[in-house]
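Peer 1: Below you'll find structure-v2.txt; it's compact mmCIF, C-alpha atoms.
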# COMPACT_ATOMS: atom_id res chain seq x y z
CA MET O 1 122.85 84.88 90.42
CA ASP O 2 124.22 81.76 92.13
CA PHE O 3 122.64 80.08 95.13
CA THR O 4 124.03 77.97 97.96
CA GLU O 5 122.56 74.82 99.44
CA ILE O 6 119.54 75.07 101.75
CA TYR O 7 120.38 75.25 105.46
CA LYS O 8 118.23 74.98 108.58
CA GLN O 9 117.25 77.94 110.79
CA SER O 10 114.53 78.76 113.33
CA GLY O 11 112.75 81.96 114.24
CA SER O 12 114.18 83.77 111.16
CA LEU O 13 117.32 84.35 113.26
CA VAL O 14 119.91 84.56 110.48
CA SER O 15 122.24 87.54 110.06
CA PHE O 16 125.51 88.56 108.45
CA SER O 17 128.23 89.81 110.76
CA PRO O 18 128.78 93.60 110.42
CA GLY O 19 132.06 92.89 108.63
CA GLY O 20 130.31 90.52 106.23
CA HIS O 21 132.67 87.57 106.84
CA PHE O 22 130.36 85.30 108.87
CA ILE O 23 126.70 84.25 109.07
CA LEU O 24 125.06 83.67 112.45
CA THR O 25 122.18 81.18 112.52
CA ALA O 26 119.94 79.97 115.35
CA ILE O 27 118.53 76.43 115.18
CA GLU O 28 116.28 75.79 118.18
CA ASP O 29 118.80 75.72 121.10
CA ARG O 30 121.97 75.88 118.98
CA LEU O 31 124.00 78.63 117.29
CA VAL O 32 125.83 77.93 114.05
CA ILE O 33 128.38 80.32 112.54
CA ARG O 34 129.34 79.85 108.89
CA ARG O 35 131.96 81.54 106.77
CA THR O 36 130.39 83.74 104.12
CA ASP O 37 132.84 82.83 101.36
CA SER O 38 132.33 79.04 101.62
CA CYS O 39 129.32 78.52 103.97
CA GLN O 40 131.52 76.11 105.92
CA ILE O 41 130.76 75.87 109.63
CA ALA O 42 133.28 77.90 111.64
CA ARG O 43 131.75 77.34 115.06
CA THR O 44 128.80 75.69 116.77
CA VAL O 45 127.47 76.58 120.23
CA LEU O 46 124.90 74.62 122.24
CA ILE O 47 122.98 76.93 124.56
CA ASP O 48 122.88 76.13 128.27
CA ALA O 49 119.34 74.84 128.84
CA SER O 50 119.13 75.79 132.53
CA PRO O 51 116.75 78.67 133.31
CA SER O 52 117.67 81.60 135.55
CA PRO O 53 117.30 80.88 139.28
CA THR O 54 114.30 83.20 139.58
CA ASN O 55 112.71 81.79 136.44
CA SER O 56 113.22 78.26 137.78
CA PHE O 57 111.43 79.22 140.99
CA LEU O 58 108.52 80.94 139.28
CA GLN O 59 107.98 78.52 136.38
CA LYS O 60 105.74 75.61 137.33
CA THR O 61 106.14 73.88 133.99
CA THR O 62 109.20 73.04 131.93
CA VAL O 63 109.81 75.45 129.06
CA LYS O 64 111.45 74.18 125.91
CA THR O 65 114.83 75.74 125.25
CA ARG O 66 114.55 77.84 122.13
CA ILE O 67 116.59 80.88 121.12
CA SER O 68 114.36 83.96 120.81
CA HIS O 69 117.02 86.57 119.90
CA ALA O 70 120.45 86.25 118.29
CA SER O 71 122.67 89.06 117.06
CA TRP O 72 126.22 90.36 116.52
CA SER O 73 128.00 93.18 118.28
CA SER O 74 128.83 96.13 116.02
CA ASP O 75 132.48 95.08 115.64
CA SER O 76 131.68 91.35 115.06
CA GLU O 77 133.78 90.45 118.10
CA TYR O 78 130.87 89.17 120.20
CA PHE O 79 127.51 87.52 119.56
CA LEU O 80 124.59 86.80 121.84
CA ALA O 81 121.69 84.40 122.11
CA ALA O 82 118.71 85.14 124.33
CA CYS O 83 116.13 82.66 125.57
CA ALA O 84 113.37 85.01 126.71
CA PRO O 85 111.05 82.36 128.25
CA LYS O 86 113.93 81.15 130.45
CA GLY O 87 115.10 84.68 131.29
CA ALA O 88 118.69 84.12 130.14
CA VAL O 89 121.09 85.84 127.74
CA HIS O 90 124.23 84.01 126.61
CA VAL O 91 127.20 85.99 125.28
CA TYR O 92 130.17 84.57 123.36
CA LYS O 93 133.39 85.84 121.84
CA LEU O 94 134.02 84.89 118.22
CA GLN O 95 137.79 84.37 118.43
CA ASP O 96 137.91 82.90 121.95
CA GLU O 97 135.82 79.79 122.49
CA ARG O 98 136.64 79.73 126.23
CA TRP O 99 135.15 83.19 126.84
CA TYR O 100 131.53 83.11 127.98
CA ALA O 101 129.14 85.38 129.87
CA ARG O 102 125.59 84.86 131.04
CA ILE O 103 122.92 87.34 132.08
CA ASP O 104 120.03 86.07 134.20
CA ALA O 105 116.85 88.11 134.48
CA GLY O 106 115.10 88.43 137.81
CA ALA O 107 111.42 88.27 138.63
CA GLU O 108 110.75 91.02 136.06
CA GLY O 109 111.37 88.52 133.25
CA LEU O 110 112.84 89.11 129.80
CA VAL O 111 111.18 89.97 126.49
CA LYS O 112 114.10 91.27 124.41
CA ALA O 113 117.89 91.61 124.40
CA GLU O 114 120.00 93.62 121.96
CA TRP O 115 123.40 95.27 121.60
CA SER O 116 124.25 98.91 122.12
CA PRO O 117 125.88 100.66 119.11
CA ASP O 118 129.40 100.34 120.59
CA GLY O 119 129.02 96.59 121.09
CA ARG O 120 130.05 96.67 124.77
CA TYR O 121 126.64 96.91 126.45
CA ILE O 122 123.56 94.70 126.25
CA LEU O 123 120.06 96.11 126.69
CA CYS O 124 117.58 93.74 128.34
CA PHE O 125 113.90 94.73 128.33
CA SER O 126 111.72 93.19 131.02
CA GLU O 127 108.13 92.06 130.89
CA TRP O 128 105.24 94.41 131.70
CA GLY O 129 107.33 97.51 130.93
CA LEU O 130 108.95 97.41 134.37
CA ARG O 131 112.51 98.32 133.40
CA VAL O 132 115.37 98.07 130.95
CA THR O 133 118.64 96.76 132.32
CA ILE O 134 121.88 97.78 130.59
CA TRP O 135 124.71 95.33 131.25
CA SER O 136 128.34 96.23 130.64
CA LEU O 137 130.77 93.67 129.20
CA ILE O 138 133.63 95.87 130.38
CA ASP O 139 133.10 95.72 134.16
CA GLY O 140 129.97 93.55 134.53
CA ARG O 141 127.93 96.34 136.11
CA ALA O 142 124.25 96.95 135.43
CA THR O 143 122.28 100.17 135.00
CA TYR O 144 118.54 100.08 135.61
CA ILE O 145 116.01 102.41 133.98
CA GLN O 146 112.41 102.12 135.12
CA PHE O 147 109.19 101.99 133.14
CA PRO O 148 110.18 101.93 129.46
CA LEU O 149 107.08 102.55 127.36
CA HIS O 150 107.71 100.10 124.49
CA PRO O 151 110.37 97.37 124.26
CA ASP O 152 110.36 97.39 120.45
CA LYS O 153 109.84 100.95 119.16
CA GLY O 154 110.02 103.46 122.00
CA TYR O 155 113.76 104.09 122.03
CA THR O 156 116.65 105.07 119.80
CA PHE O 157 120.34 106.01 119.84
CA ARG O 158 121.84 109.12 118.33
CA ALA O 159 123.71 108.37 115.11
CA ASP O 160 127.12 108.54 116.84
CA GLY O 161 125.92 106.27 119.66
CA ARG O 162 126.57 108.91 122.33
CA TYR O 163 123.04 109.30 123.69
CA PHE O 164 120.29 106.77 124.37
CA LEU O 165 116.74 108.16 124.14
CA LEU O 166 114.02 106.17 125.89
CA ALA O 167 110.29 106.82 126.03
CA GLU O 168 109.04 106.18 129.57
CA ARG O 169 105.76 106.23 131.47
CA HIS O 170 105.79 107.94 134.86
CA LYS O 171 102.66 108.77 136.88
CA SER O 172 100.48 107.92 133.86
CA LYS O 173 102.27 110.48 131.64
CA ASP O 174 104.61 110.03 128.67
CA THR O 175 108.15 111.21 129.37
CA LEU O 176 111.53 110.98 127.66
CA GLY O 177 114.84 110.14 129.25
CA ILE O 178 118.17 110.95 127.58
CA TYR O 179 121.11 108.91 128.86
CA ASP O 180 124.83 109.38 128.20
CA ALA O 181 126.17 106.10 126.80
CA HIS O 182 129.77 107.29 127.30
CA GLU O 183 129.15 107.81 131.03
CA SER O 184 127.68 104.41 131.89
CA TYR O 185 124.20 105.55 130.84
CA GLN O 186 123.85 108.28 133.42
CA LEU O 187 120.75 110.42 133.10
CA ALA O 188 121.53 113.57 131.10
CA ARG O 189 118.02 115.02 130.73
CA HIS O 190 114.44 114.08 131.53
CA PHE O 191 111.31 115.90 130.38
CA PRO O 192 107.57 115.29 129.74
CA LEU O 193 106.25 114.59 126.25
CA PRO O 194 103.18 116.28 124.73
CA THR O 195 101.63 112.93 123.73
CA SER O 196 98.87 111.30 125.72
CA SER O 197 99.57 107.77 124.44
CA LEU O 198 102.86 107.68 122.55
CA ALA O 199 103.06 105.21 119.68
CA SER O 200 106.75 105.58 118.79
CA LEU O 201 109.57 108.04 118.20
CA THR O 202 112.36 108.70 115.71
CA LEU O 203 115.43 110.95 115.89
CA SER O 204 116.56 113.09 112.96
CA PRO O 205 119.80 112.00 111.23
CA ASN O 206 121.67 115.04 112.57
CA GLY O 207 120.37 114.43 116.08
CA HIS O 208 118.78 117.89 116.43
CA HIS O 209 115.08 117.01 116.44
CA LEU O 210 112.91 114.23 117.80
CA ALA O 211 109.58 113.23 116.27
CA VAL O 212 106.98 111.61 118.54
CA TRP O 213 103.42 110.72 117.61
CA GLU O 214 100.16 109.61 119.14
CA GLY O 215 98.60 106.17 118.98
CA ALA O 216 96.32 104.75 116.30
CA LEU O 217 93.27 106.79 117.33
CA GLU O 218 94.73 110.29 116.81
CA TYR O 219 96.65 111.63 113.80
CA LYS O 220 99.15 114.01 115.41
CA ILE O 221 102.92 114.22 115.36
CA TYR O 222 105.13 116.53 117.44
CA ILE O 223 108.65 117.76 116.69
CA LEU O 224 110.79 118.42 119.77
CA SER O 225 114.27 119.71 120.44
CA LEU O 226 116.48 117.62 122.70
CA ILE O 227 115.88 120.01 125.58
CA GLY O 228 112.16 119.23 125.49
CA ASP O 229 110.78 122.25 123.63
CA VAL O 230 107.95 121.56 121.16
CA VAL O 231 109.17 123.03 117.87
CA ALA O 232 106.13 122.13 115.77
CA SER O 233 103.19 119.76 115.41
CA PHE O 234 101.24 118.43 112.44
CA SER O 235 97.72 117.14 111.93
CA PRO O 236 96.18 116.90 108.44
CA GLU O 237 92.88 118.49 107.54
CA PRO O 238 90.34 117.01 107.44
CA ASP O 239 90.94 114.48 110.21
CA PRO O 240 91.50 111.08 108.49
CA GLY O 241 89.95 109.23 111.43
CA LEU O 242 92.85 106.96 112.34
CA GLY O 243 96.36 107.85 113.36
CA ILE O 244 99.91 107.60 112.08
CA ARG O 245 101.36 104.29 110.95
CA THR O 246 104.84 105.02 109.55
CA VAL O 247 107.32 107.90 109.93
CA SER O 248 110.68 108.31 108.19
CA TRP O 249 113.33 111.06 108.06
CA HIS O 250 115.05 111.90 104.81
CA PRO O 251 118.76 110.93 105.12
CA SER O 252 119.69 114.62 104.91
CA GLY O 253 117.30 115.49 107.73
CA SER O 254 115.62 118.12 105.53
CA PHE O 255 112.27 116.32 105.25
CA LEU O 256 110.05 114.23 107.49
CA LEU O 257 107.61 111.80 105.87
CA VAL O 258 104.45 110.82 107.72
CA GLY O 259 102.23 107.97 106.52
CA GLY O 260 98.87 107.09 108.01
CA TRP O 261 96.07 104.57 107.60
CA ASP O 262 94.53 106.69 104.82
CA ASP O 263 97.14 105.74 102.15
CA LYS O 264 98.61 109.24 102.15
CA ILE O 265 102.24 110.27 102.70
CA HIS O 266 102.66 113.83 103.96
CA ILE O 267 106.08 115.40 103.31
CA LEU O 268 107.06 117.98 105.94
CA SER O 269 109.90 120.42 105.33
CA THR O 270 112.17 121.00 108.32
CA ALA O 271 112.62 124.62 107.19
CA SER O 272 109.02 125.52 108.09
CA TRP O 273 107.63 122.24 109.50
CA SER O 274 104.73 122.59 107.07
CA CYS O 275 103.45 120.02 104.59
CA VAL O 276 105.03 120.81 101.21
CA HIS O 277 103.54 117.86 99.31
CA THR O 278 101.29 114.86 99.76
CA LEU O 279 101.71 111.53 97.98
CA GLU O 280 98.34 109.81 97.65
CA LEU O 281 97.81 106.24 96.50
CA SER O 282 95.60 105.90 93.46
CA SER O 283 94.37 102.92 91.47
CA ARG O 284 95.08 104.77 88.22
CA ILE O 285 98.67 105.00 86.99
CA PRO O 286 98.98 107.99 84.61
CA ALA O 287 101.15 107.89 81.54
CA GLU O 288 103.41 110.76 82.57
CA TRP O 289 106.33 110.18 84.93
CA TYR O 290 105.43 106.58 85.82
CA ASN O 291 106.85 103.18 84.88
CA LEU O 292 104.79 100.08 85.66
CA TRP O 293 106.39 96.61 85.88
CA ARG O 294 104.51 93.33 86.32
CA GLU O 295 105.66 89.85 87.24
CA PRO O 296 105.27 87.41 84.33
CA GLU O 297 102.46 84.95 84.85
CA GLU O 298 103.36 81.34 85.72
CA TRP O 299 107.06 82.04 85.25
CA LEU O 300 108.09 79.68 88.08
CA THR O 301 106.24 76.84 86.37
CA ALA O 302 107.69 77.69 82.99
CA THR O 303 111.28 77.79 84.25
CA GLU O 304 110.80 75.06 86.90
CA GLY O 305 112.30 77.46 89.40
CA ARG O 306 115.75 77.29 87.78
CA GLY O 307 115.88 80.35 85.60
CA PHE O 308 115.04 84.00 85.50
CA LEU O 309 112.82 86.22 83.39
CA SER O 310 112.58 89.97 83.07
CA TYR O 311 109.55 91.77 84.42
CA GLU O 312 106.97 92.85 81.86
CA ARG O 313 106.84 96.59 81.32
CA LEU O 314 103.21 97.64 80.94
CA GLN O 315 101.88 100.48 78.90
CA THR O 316 100.57 103.45 80.86
CA PRO O 317 98.05 104.74 81.72
CA SER O 318 97.02 101.61 83.58
CA THR O 319 95.34 100.59 86.82
CA ILE O 320 96.25 98.62 89.94
CA THR O 321 93.90 96.89 92.33
CA LEU O 322 93.27 98.54 95.70
CA THR O 323 91.96 96.40 98.55
CA LYS O 324 89.28 98.23 100.47
CA SER O 325 89.68 98.20 104.25
CA ASP O 326 86.91 98.48 106.81
CA HIS O 327 88.09 100.92 109.49
CA THR O 328 85.09 100.09 111.67
CA ARG O 329 86.50 96.63 112.37
CA PRO O 330 89.55 95.88 114.54
CA HIS O 331 92.95 95.55 112.86
CA PRO O 332 91.97 97.09 109.51
CA LYS O 333 94.10 96.32 106.47
CA GLY O 334 95.33 99.56 105.02
CA GLY O 335 97.74 102.44 105.23
CA VAL O 336 101.45 102.98 104.70
CA ILE O 337 103.38 100.05 106.16
CA GLN O 338 106.92 100.88 104.98
CA LEU O 339 108.94 103.97 104.04
CA ASP O 340 112.61 103.40 103.22
CA TRP O 341 115.26 105.48 101.46
CA ASN O 342 118.12 104.36 99.29
CA ARG O 343 121.66 105.28 100.33
CA THR O 344 121.68 108.68 98.64
CA GLY O 345 118.14 109.69 99.58
CA ARG O 346 117.19 110.06 95.93
CA LEU O 347 114.72 107.14 95.81
CA LEU O 348 111.88 106.43 98.24
CA LEU O 349 110.40 102.96 98.65
CA ALA O 350 106.81 102.84 99.89
CA ARG O 351 104.49 99.93 100.57
CA PHE O 352 100.77 100.18 101.17
CA GLU O 353 98.71 97.43 102.75
CA THR O 354 95.88 98.20 100.32
CA THR O 355 98.21 97.13 97.47
CA PRO O 356 99.88 94.06 99.05
CA THR O 357 101.32 92.87 95.70
CA ALA O 358 102.99 96.15 94.68
CA VAL O 359 106.11 98.09 95.64
CA HIS O 360 106.11 101.83 94.90
CA ILE O 361 109.36 103.70 94.16
CA PHE O 362 109.32 107.50 94.05
CA ASP O 363 112.04 109.70 92.59
CA PHE O 364 112.78 112.23 95.31
CA PRO O 365 114.65 115.51 94.62
CA LEU O 366 117.86 115.86 96.59
CA PRO O 367 117.87 118.97 98.76
CA ASN O 368 120.92 121.11 99.42
CA ALA O 369 121.54 120.10 103.00
CA THR O 370 124.78 122.08 103.37
CA PHE O 371 124.43 124.91 105.88
CA ILE O 372 125.73 128.33 104.89
CA ARG O 373 128.70 129.49 106.96
CA HIS O 374 129.20 133.02 105.57
CA ALA O 375 127.74 135.21 102.83
CA ARG O 376 129.48 138.46 101.94
CA TRP O 377 128.75 141.25 99.43
CA ASN O 378 131.48 142.56 97.15
CA PRO O 379 132.56 145.91 98.66
CA GLU O 380 132.91 147.64 95.29
CA ARG O 381 130.41 146.10 92.89
CA LYS O 382 126.69 146.75 93.20
CA GLY O 383 125.48 143.18 92.73
CA SER O 384 128.10 140.53 93.52
CA LEU O 385 127.76 138.02 96.35
CA ALA O 386 130.03 135.20 97.59
CA VAL O 387 128.87 132.34 99.84
CA CYS O 388 130.70 129.47 101.59
CA CYS O 389 129.28 126.36 103.27
CA GLY O 390 132.28 124.62 104.85
CA SER O 391 132.75 122.51 101.72
CA PRO O 392 135.61 122.47 99.15
CA SER O 393 133.81 125.05 97.05
CA LEU O 394 132.67 128.65 96.68
CA TYR O 395 129.26 129.90 95.54
CA THR O 396 128.74 133.21 93.73
CA TRP O 397 125.77 135.25 92.57
CA SER O 398 125.72 138.37 90.42
CA ASP O 399 123.14 140.43 88.57
CA GLU O 400 125.80 142.14 86.44
CA TRP O 401 126.18 139.43 83.82
CA ILE O 402 125.84 140.79 80.28
CA GLY O 403 123.63 138.46 78.25
CA GLU O 404 123.54 137.82 74.53
CA ASN O 405 121.08 140.67 73.99
CA GLY O 406 123.42 143.09 75.78
CA THR O 407 121.32 143.49 78.93
CA GLU O 408 122.29 142.66 82.51
CA GLU O 409 121.13 139.26 83.77
CA GLU O 410 121.43 137.21 86.95
CA ILE O 411 123.93 134.37 87.16
CA ALA O 412 124.77 131.93 89.96
CA GLU O 413 127.79 129.61 89.91
CA CYS O 414 129.34 126.81 91.96
CA VAL O 415 133.14 127.06 91.99
CA GLY O 416 135.27 124.16 93.20
CA VAL O 417 138.53 124.81 95.07
CA PRO O 418 141.31 122.90 93.23
CA ALA O 419 142.88 121.33 96.34
CA GLN O 420 142.87 117.79 97.76
CA LYS O 421 141.96 118.81 101.32
CA PHE O 422 140.38 122.22 101.73
CA ASP O 423 136.99 123.23 103.17
CA THR O 424 135.96 126.86 102.88
CA HIS O 425 134.86 127.94 106.37
CA ASP O 426 135.11 131.71 105.82
CA ILE O 427 135.56 134.22 102.99
CA ARG O 428 136.84 137.81 102.95
CA TRP O 429 136.84 140.27 100.07
CA ALA O 430 139.77 142.45 99.14
CA SER O 431 139.05 146.16 99.52
CA ASP O 432 138.95 146.63 95.74
CA GLY O 433 136.50 143.75 95.33
CA LYS O 434 138.77 141.90 92.89
CA GLY O 435 140.01 139.12 95.16
CA LEU O 436 138.87 136.77 97.91
CA LEU O 437 140.52 135.11 100.89
CA LEU O 438 139.25 131.55 101.47
CA LEU O 439 139.90 130.24 104.97
CA ASP O 440 140.00 126.65 106.19
CA LYS O 441 140.69 125.82 109.85
CA ASP O 442 144.50 125.92 109.51
CA THR O 443 145.09 126.97 105.91
CA PHE O 444 143.94 129.58 103.41
CA CYS O 445 144.13 130.42 99.74
CA CYS O 446 143.29 133.33 97.47
CA ALA O 447 140.89 133.54 94.57
CA PHE O 448 140.78 136.21 91.86
CA GLU O 449 138.41 136.77 88.99
CA VAL O 450 140.00 136.27 85.61
CA GLU O 451 139.44 139.32 83.46
CA ASP O 452 138.87 138.90 79.74
CA ASP O 453 141.75 140.08 77.57
CA LEU O 454 140.94 143.20 75.59
Written as structure tokens, that's how I'd like the structure from this file.
Peer 2:
Amino acid sequence: MDFTEIYKQSGSLVSFSPGGHFILTAIEDRLVIRRTDSCQIARTVLIDASPSPTNSFLQKTTVKTRISHASWSSDSEYFLAACAPKGAVHVYKLQDERWYARIDAGAEGLVKAEWSPDGRYILCFSEWGLRVTIWSLIDGRATYIQFPLHPDKGYTFRADGRYFLLAERHKSKDTLGIYDAHESYQLARHFPLPTSSLASLTLSPNGHHLAVWEGALEYKIYILSLIGDVVASFSPEPDPGLGIRTVSWHPSGSFLLVGGWDDKIHILSTASWSCVHTLELSSRIPAEWYNLWREPEEWLTATEGRGFLSYERLQTPSTITLTKSDHTRPHPKGGVIQLDWNRTGRLLLARFETTPTAVHIFDFPLPNATFIRHARWNPERKGSLAVCCGSPSLYTWSDEWIGENGTEEEIAECVGVPAQKFDTHDIRWASDGKGLLLLDKDTFCCAFEVEDDL
């Protein structure tokens, strides 16, 4: 692995552009853009130090200009820099140095600014949970939504960016607003939430279900449809005492993982919304199914920071140190602090605050997330079934297979359709049960069983 020179930054505001060609860096009141391939500076921007008119009137003391937020639009065409204490957001265009826009917050102040998924709107969250203002770069108009519950974790977009879901607080009750991002964020639906003090929310990858959960004092999570119906709820038995800390959907949307302050990860199946398994942190690492790797001692000193060494693979069973946390004191150290999936959903990364020096990786079985479109019995044979799922394949089951001992056995097979572009949306048997019609949206093909030659 090669390394570049060391460059300055402030506030950990360093990010690759979505296309991966540039690096955006904030240094106090300045933005620096470097090319990824050479790290050469492509552009430098000095932020306007003047506060917003309202901020200038309200502030009695001079506030140092320092960038609090910096980020790219989704298409890398624009980038922004926000100075929250001064109530100003500065927007620039990468390929046009003359283009510039500025957003000034009013008396409500500014705590956060970020891009919408389409990169043409900017969301500005005010202080004190008063409102979120959505500014359009297309026509310069603003949309105001009152009383957002949390500026950092109480909102989300659907995966396609069409709908914006925002947890709100109206008349001392938790509510949810769904806004249509394609219609200038007009309100599409608004309904109350079952929580009394919502901690956060997360939307399933397919956008069908929303998970919301209570604050740190109550372990309870609710699953809702996007019309506001409560589909299910979950609370472990016995009550662990403190609430939920981390929640994560499986990339397929088939499982929901819930981690609390008790070092347990509950895996809920979306088929029944029941807990199908619980992962519990233990100091003992058994010999079966586990690999344990440890950082070599004093390796930085031995290599003078200019080399690399392989981790030491330890023999199992072994033990790891767990840090005990006192839940009677404020801000206890413990619980699940991170749950992240790899790209395929096969591996789960988990971090526990009681083991601050360890990363846990679990091998997770991949579910069949393909929904069945049609299943049809063979009209002539007593035990032959064909199934299609809208994929380039066909699935069959039969209990008429003759095994090696001459008796009938069950057999299930996955059969691929030998075509470059074909998804089986429907199937239809021939009247004699010897052939199948496979239908795509605009095309079809036939399939026949190959009989053994006598």
Peer 1: Measuring between all atoms listed in the file, which one of O:Leu110, O:Ala26, O:Leu58, O:Ile285 shows the shortest distance to Ala70 of chain O?
Peer 2: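 Of O:Leu110, O:Ala26, O:Leu58, O:Ile285, the one nearest Ala70 of chain O is O:Ala26, counting all atoms listed in the file.
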Peer 1: Can you list, as a PDB file with C-alpha atoms, keeping the file's coordinate frame, every protein, DNA or RNA residue that comes within 10 Å of Asp262 of chain O when you count all atoms listed in the file, leaving out same-chain residues fewer than 4 positions away?
Peer 2:
ATOM      1  CA  PRO O 240      91.500 111.080 108.490  1.00  0.00           C
ATOM      2  CA  GLY O 241      89.950 109.230 111.430  1.00  0.00           C
ATOM      3  CA  LEU O 242      92.850 106.960 112.340  1.00  0.00           C
ATOM      4  CA  GLY O 243      96.360 107.850 113.360  1.00  0.00           C
ATOM      5  CA  ILE O 244      99.910 107.600 112.080  1.00  0.00           C
ATOM      6  CA  ARG O 245     101.360 104.290 110.950  1.00  0.00           C
ATOM      7  CA  GLU O 280      98.340 109.810  97.650  1.00  0.00           C
ATOM      8  CA  LEU O 281      97.810 106.240  96.500  1.00  0.00           C
ATOM      9  CA  SER O 325      89.680  98.200 104.250  1.00  0.00           C
ATOM     10  CA  HIS O 327      88.090 100.920 109.490  1.00  0.00           C
ATOM     11  CA  GLY O 334      95.330  99.560 105.020  1.00  0.00           C
ATOM     12  CA  GLY O 335      97.740 102.440 105.230  1.00  0.00           C
ATOM     13  CA  VAL O 336     101.450 102.980 104.700  1.00  0.00           C
ATOM     14  CA  PHE O 352     100.770 100.180 101.170  1.00  0.00           C
ATOM     15  CA  THR O 354      95.880  98.200 100.320  1.00  0.00           C
TER      16      THR O 354
END
Peer 1: Fewer than 5 positions away in the same chain doesn't count, so skip those; otherwise give me all residues within 8 Å of Ser17 of chain O, counting all atoms listed in the file, as a PyMOL selection string.
Peer 2: chain O and resi 22-24+72+76
Peer 1: Residues within 6 Å of Glu28 of chain O, please, as a PyMOL selection string. Count only C-alpha atoms; anything in the same chain fewer than 6 positions from it doesn't count.
Peer 2: chain O and resi 10+66-67
Peer 1: Do you have the atom CA of Leu210 of chain O-atom CA of Lys112 of chain O distance handy?
Peer 2: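 Taking atom CA of Leu210 of chain O and atom CA of Lys112 of chain O, their separation equals 23.9 Å.
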Peer 1: Would you mind telling me which residue in O:His21, O:Lys64, O:Lys171, O:Lys153 lies nearest to Pro192 of chain O when using all atoms listed in the file?
Peer 2: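 Smallest distance to Pro192 of chain O is found for O:Lys171.
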Peer 1: Report the distance between atom CA of Ile178 of chain O and atom CA of Ser272 of chain O in Å, rounded to one decimal place.
Peer 2: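 One can read the atom CA of Ile178 of chain O to atom CA of Ser272 of chain O distance as 26.0 Å.
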Peer 1: Smallest atom-to-atom distance to Trp213 of chain O: which of O:Ala232, O:Ser56, O:Thr278, O:Ile227, using only C-alpha atoms?
Peer 2: O:Ala232
Peer 1: Which of these residues is nearest to Tyr100 of chain O, using all atoms listed in the file: O:Asp48, O:Asp118, O:Glu127, O:Glu214?
Peer 2: O:Asp48
Peer 1: Counting only C-alpha atoms, what is within 12 Å of Ile411 of chain O, bar same-chain residues fewer than 4 positions away, as a ChimeraX atom specification?
Peer 2: /O:383-385,395-403
Peer 1: Residues within 8 Å of Phe191 of chain O, please, as an NGL selection string. Count all atoms listed in the file; anything in the same chain fewer than 5 positions from it doesn't count.
Peer 2: :O and (175-177 or 227-228)
Peer 1: Determine the nearest neighbour of Pro251 of chain O from the options O:Leu322, O:Leu348, O:Val230, O:Leu166, counting all atoms listed in the file.
Peer 2: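 Result for the nearest residue to Pro251 of chain O: O:Leu348.
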Peer 1: Go through O:Ala142, O:Arg329, O:Ile361, O:Ala199 one by one, measure the shortest atom-to-atom distance of each to Asn342 of chain O using all atoms listed in the file, and give the residue with the smallest value.
Peer 2: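 That would be O:Ile361, the residue with the smallest distance to Asn342 of chain O.
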Peer 1: List as a VMD selection string the residues having at least one atom at most 12 Å from position (126.2, 76.7, 104.0) as given in the file, counting only C-alpha atoms.
Peer 2: chain O and resid 3 to 9 14 22 to 25 32 to 42
Peer 1: As an exercise, work out the distance from atom CA of Gly109 of chain O to atom CA of Pro53 of chain O in Å and give it to one decimal place.
Peer 2: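 One can read the atom CA of Gly109 of chain O to atom CA of Pro53 of chain O distance as 11.4 Å.
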